[in-house]
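Asker: My questions will all concern the structure given below.
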Amino acid sequence: MVSTEYERRIAARFATFDQDGNGYIDREDFSAAAKALLAEFDTTARSDRGQALYIGAEAFWQGMAGIADRDGDQRITREEFVHGAVKRLRDNPDRFAEIARPFLDAVLAVADSDQDGAVTIDETARVLKVLGVPDDLATPAATALDTDADGRITEPEVVTAFARYFTVPE
């Protein structure tokens, strides 16, 4: 049961991970996200960047399952997701950032067309759309990630924003 405002906000984040909309988060959601990102950026799964993305997705899944899969069925329900966030991440957004970092690093490498270590706002918007952000919100969200307004989005900007978004401090 989602009871506090904090828990309601965390529950709303659940859909971001439930890529196929089946009511739970599982390994396939992370694999599907990786596959869709590779297709969007015309990167093969066998390339170094493709392999890093799948490895990062698996690491992210394992970290999430370790935090939230209370019954060990390899699926995270909305209730488990909220419980895991409230009990284990609420006061420690850095922990969530560390779980997500391998995946986020690999996503940035795939999206970084000129391989200069940063992605453009347009590249970031493409990533966000692939991950389910509505078209009309993707560019404003990508722009907001560019905290130093240099037109380039780097790993520290993404990881910090991601952890903040998914742990939503009160």
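Chain labels run A, B, ... following the order of the structure tokens; each chain numbers its residues from 1, and ligands are numbered from 1 in the order shown.
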Between stretch 127-168 of chain A and stretch 14-32 of chain A, at 12 Å or less, what are the per-residue closest atom pairs and their distances in Å? Count only C-alpha atoms, order by chain and rising residue number, and return it as a tab-separated table.
Answerer:
```
residue	atom	partner	partner_atom	distance
A:Leu128	CA	A:Thr16	CA	10.2
A:Lys129	CA	A:Thr16	CA	11.2
A:Val130	CA	A:Gln19	CA	9.9
A:Leu131	CA	A:Thr16	CA	7.3
A:Gly132	CA	A:Thr16	CA	6.8
A:Val133	CA	A:Thr16	CA	8.1
A:Pro134	CA	A:Thr16	CA	11.2
A:Phe162	CA	A:Thr16	CA	11.6
A:Tyr165	CA	A:Thr16	CA	11.0
A:Phe166	CA	A:Phe14	CA	9.0
A:Thr167	CA	A:Phe14	CA	11.5
```
Asker: Tell me which protein, DNA and RNA residues are within 8 Å of A:Thr120, counting only C-alpha atoms, leaving out same-chain ones fewer than 3 positions away, and put them as a list of chain:residue names.
Answerer: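 Counting only C-alpha atoms, the residues come to A:Asp112, A:Glu123, A:Thr124, A:Gly151, A:Arg152, A:Ile153.
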Asker: Using Å and a single decimal, report how far atom CA of A:Gly84 sits from atom CA of A:Ile67.
Answerer: 5.5 Å
Asker: Just the residues within 10 Å of A:Asp48, please, counting only C-alpha atoms, with nothing from its chain fewer than 3 positions along; format it as an MDAnalysis selection string.
Answerer: chainID A and resid 43:45 51:53 106 109:110
Asker: For the residues in the current selection, export N, CA, C and O atoms as a PDB file, in the first residue's frame.
Answerer:
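Once written, selection_33.pdb looks like this:
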```pdb
ATOM      1  N   THR A  43      24.112   0.674 -33.309  1.00  0.00           N
ATOM      2  CA  THR A  43      25.288   0.057 -32.696  1.00  0.00           C
ATOM      3  C   THR A  43      25.017  -1.434 -32.567  1.00  0.00           C
ATOM      4  O   THR A  43      23.943  -1.839 -32.110  1.00  0.00           O
ATOM      5  N   THR A  44      25.963  -2.241 -32.955  1.00  0.00           N
ATOM      6  CA  THR A  44      25.755  -3.685 -32.882  1.00  0.00           C
ATOM      7  C   THR A  44      25.973  -4.195 -31.466  1.00  0.00           C
ATOM      8  O   THR A  44      26.794  -3.658 -30.711  1.00  0.00           O
ATOM      9  N   ALA A  45      25.255  -5.245 -31.128  1.00  0.00           N
ATOM     10  CA  ALA A  45      25.371  -5.841 -29.802  1.00  0.00           C
ATOM     11  C   ALA A  45      26.756  -6.439 -29.580  1.00  0.00           C
ATOM     12  O   ALA A  45      27.233  -6.496 -28.447  1.00  0.00           O
ATOM     13  N   GLN A  51      28.351  -4.521 -26.078  1.00  0.00           N
ATOM     14  CA  GLN A  51      28.585  -5.452 -24.971  1.00  0.00           C
ATOM     15  C   GLN A  51      28.562  -4.730 -23.629  1.00  0.00           C
ATOM     16  O   GLN A  51      27.983  -5.221 -22.661  1.00  0.00           O
ATOM     17  N   ALA A  52      29.180  -3.551 -23.574  1.00  0.00           N
ATOM     18  CA  ALA A  52      29.187  -2.775 -22.332  1.00  0.00           C
ATOM     19  C   ALA A  52      27.769  -2.395 -21.913  1.00  0.00           C
ATOM     20  O   ALA A  52      27.434  -2.401 -20.721  1.00  0.00           O
ATOM     21  N   LEU A  53      26.933  -2.102 -22.893  1.00  0.00           N
ATOM     22  CA  LEU A  53      25.550  -1.736 -22.584  1.00  0.00           C
ATOM     23  C   LEU A  53      24.796  -2.929 -21.990  1.00  0.00           C
ATOM     24  O   LEU A  53      24.097  -2.793 -20.978  1.00  0.00           O
ATOM     25  N   ALA A 106      27.466   3.205 -20.069  1.00  0.00           N
ATOM     26  CA  ALA A 106      27.363   2.520 -21.359  1.00  0.00           C
ATOM     27  C   ALA A 106      26.350   3.202 -22.269  1.00  0.00           C
ATOM     28  O   ALA A 106      26.581   3.308 -23.483  1.00  0.00           O
ATOM     29  N   ALA A 109      28.047   6.150 -23.747  1.00  0.00           N
ATOM     30  CA  ALA A 109      29.019   5.748 -24.780  1.00  0.00           C
ATOM     31  C   ALA A 109      28.323   5.398 -26.090  1.00  0.00           C
ATOM     32  O   ALA A 109      28.809   5.748 -27.166  1.00  0.00           O
ATOM     33  N   VAL A 110      27.183   4.736 -26.017  1.00  0.00           N
ATOM     34  CA  VAL A 110      26.433   4.381 -27.225  1.00  0.00           C
ATOM     35  C   VAL A 110      25.880   5.633 -27.903  1.00  0.00           C
ATOM     36  O   VAL A 110      25.918   5.772 -29.119  1.00  0.00           O
TER      37      VAL A 110
END
```
Asker: Based on the backbone DSSP call, show me all residues of stretch 32-162 of chain A assigned alpha helix (DSSP H), as a ChimeraX atom specification.
Answerer: /A:32-40,48-68,78-84,93-111,121-130,135-145,155-162
Asker: For atom CA of A:Val158 and atom CA of A:Arg126, determine how far apart the two atoms are, in Å to one decimal place.
Answerer: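 Going from atom CA of A:Val158 over to atom CA of A:Arg126, I get 14.3 Å.
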Asker: Do a neighbour search on A:Thr154 at 7 Å with only C-alpha atoms, toss out local chain neighbours closer than 2 positions, and write the hits as an mmCIF file with N, CA, C and O atoms, in the first residue's frame.
Answerer:
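New file selection_16.cif:
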```cif
data_model
loop_
_atom_site.group_PDB
_atom_site.id
_atom_site.type_symbol
_atom_site.label_atom_id
_atom_site.label_comp_id
_atom_site.auth_asym_id
_atom_site.auth_seq_id
_atom_site.Cartn_x
_atom_site.Cartn_y
_atom_site.Cartn_z
ATOM 1 N N GLY A 117 33.214 11.882 -25.052
ATOM 2 C CA GLY A 117 32.984 11.765 -23.622
ATOM 3 C C GLY A 117 31.759 12.504 -23.111
ATOM 4 O O GLY A 117 31.520 12.538 -21.905
ATOM 5 N N ALA A 118 31.004 13.098 -24.004
ATOM 6 C CA ALA A 118 29.774 13.796 -23.621
ATOM 7 C C ALA A 118 28.757 13.616 -24.733
ATOM 8 O O ALA A 118 29.115 13.347 -25.880
ATOM 9 N N VAL A 119 27.488 13.748 -24.383
ATOM 10 C CA VAL A 119 26.433 13.668 -25.379
ATOM 11 C C VAL A 119 25.769 15.027 -25.521
ATOM 12 O O VAL A 119 25.783 15.836 -24.606
ATOM 13 N N ARG A 152 26.577 20.170 -23.571
ATOM 14 C CA ARG A 152 27.093 18.802 -23.483
ATOM 15 C C ARG A 152 26.676 18.206 -22.148
ATOM 16 O O ARG A 152 26.741 18.876 -21.122
ATOM 17 N N PRO A 156 28.776 12.708 -14.846
ATOM 18 C CA PRO A 156 28.372 13.184 -13.518
ATOM 19 C C PRO A 156 27.003 13.869 -13.515
ATOM 20 O O PRO A 156 26.227 13.701 -12.567
ATOM 21 N N GLU A 157 26.686 14.605 -14.567
ATOM 22 C CA GLU A 157 25.385 15.258 -14.644
ATOM 23 C C GLU A 157 24.258 14.233 -14.709
ATOM 24 O O GLU A 157 23.226 14.367 -14.034
ATOM 25 N N VAL A 158 24.453 13.198 -15.513
ATOM 26 C CA VAL A 158 23.425 12.177 -15.689
ATOM 27 C C VAL A 158 23.250 11.348 -14.424
ATOM 28 O O VAL A 158 22.130 11.133 -13.968
#
```
Asker: Can you work out the spacing between atom CA of A:Thr4 and atom CA of A:Ile76 in Å, to one decimal?
Answerer: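 These atoms are spaced 20.1 Å apart.
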Asker: Between A:Glu7, A:Ala144, A:Phe41, A:Ala36, which residue has the minimum interatomic distance to A:Ser113, considering only C-alpha atoms?
Answerer: A:Phe41
Asker: Go through A:Ala149, A:Val127, A:Ala138, A:Ala39 and flag the residue nearest A:Ala111, using only C-alpha atoms for the distances.
Answerer: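 Among the listed residues, A:Val127 lies closest to A:Ala111.
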Asker: Which parts of chain A does DSSP call strand (DSSP E or B) when run on the backbone here, written out as a PyMOL selection string?
Answerer: chain A and resi 24-26+75-77+119-120+152-153
Asker: Can you write just those residues out, C-alpha atoms, as a PDB file, in the first residue's frame?
Answerer:
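So again_10.pdb came out as:
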```pdb
ATOM      1  CA  TYR A  24       6.613  -5.793 -12.858  1.00  0.00           C
ATOM      2  CA  ILE A  25      10.263  -5.064 -13.519  1.00  0.00           C
ATOM      3  CA  ASP A  26      12.456  -7.948 -14.598  1.00  0.00           C
ATOM      4  CA  ARG A  75      10.512  -9.879 -10.663  1.00  0.00           C
ATOM      5  CA  ILE A  76       9.996  -6.584  -8.887  1.00  0.00           C
ATOM      6  CA  THR A  77       6.409  -5.544  -8.276  1.00  0.00           C
ATOM      7  CA  VAL A 119      26.433  13.668 -25.379  1.00  0.00           C
ATOM      8  CA  THR A 120      24.512  16.504 -26.925  1.00  0.00           C
ATOM      9  CA  ARG A 152      27.093  18.802 -23.483  1.00  0.00           C
ATOM     10  CA  ILE A 153      25.838  16.298 -20.963  1.00  0.00           C
TER      11      ILE A 153
END
```
Asker: For A:Arg70, which residue out of A:Ala100, A:Tyr54, A:Lys87, A:Arg46 is the nearest one, using only C-alpha atoms?
Answerer: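 Nearest candidate to A:Arg70 out of A:Ala100, A:Tyr54, A:Lys87, A:Arg46: A:Lys87.
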Asker: Using only C-alpha atoms, which of A:Ile121, A:Val82, A:Leu38, A:Ala68 sits nearest A:Thr147?
Answerer: A:Ile121
Asker: Which of these residues is nearest to A:Ala97, using only C-alpha atoms: A:Ala59, A:Ala163, A:Ala141, A:Met64?
Answerer: A:Ala163
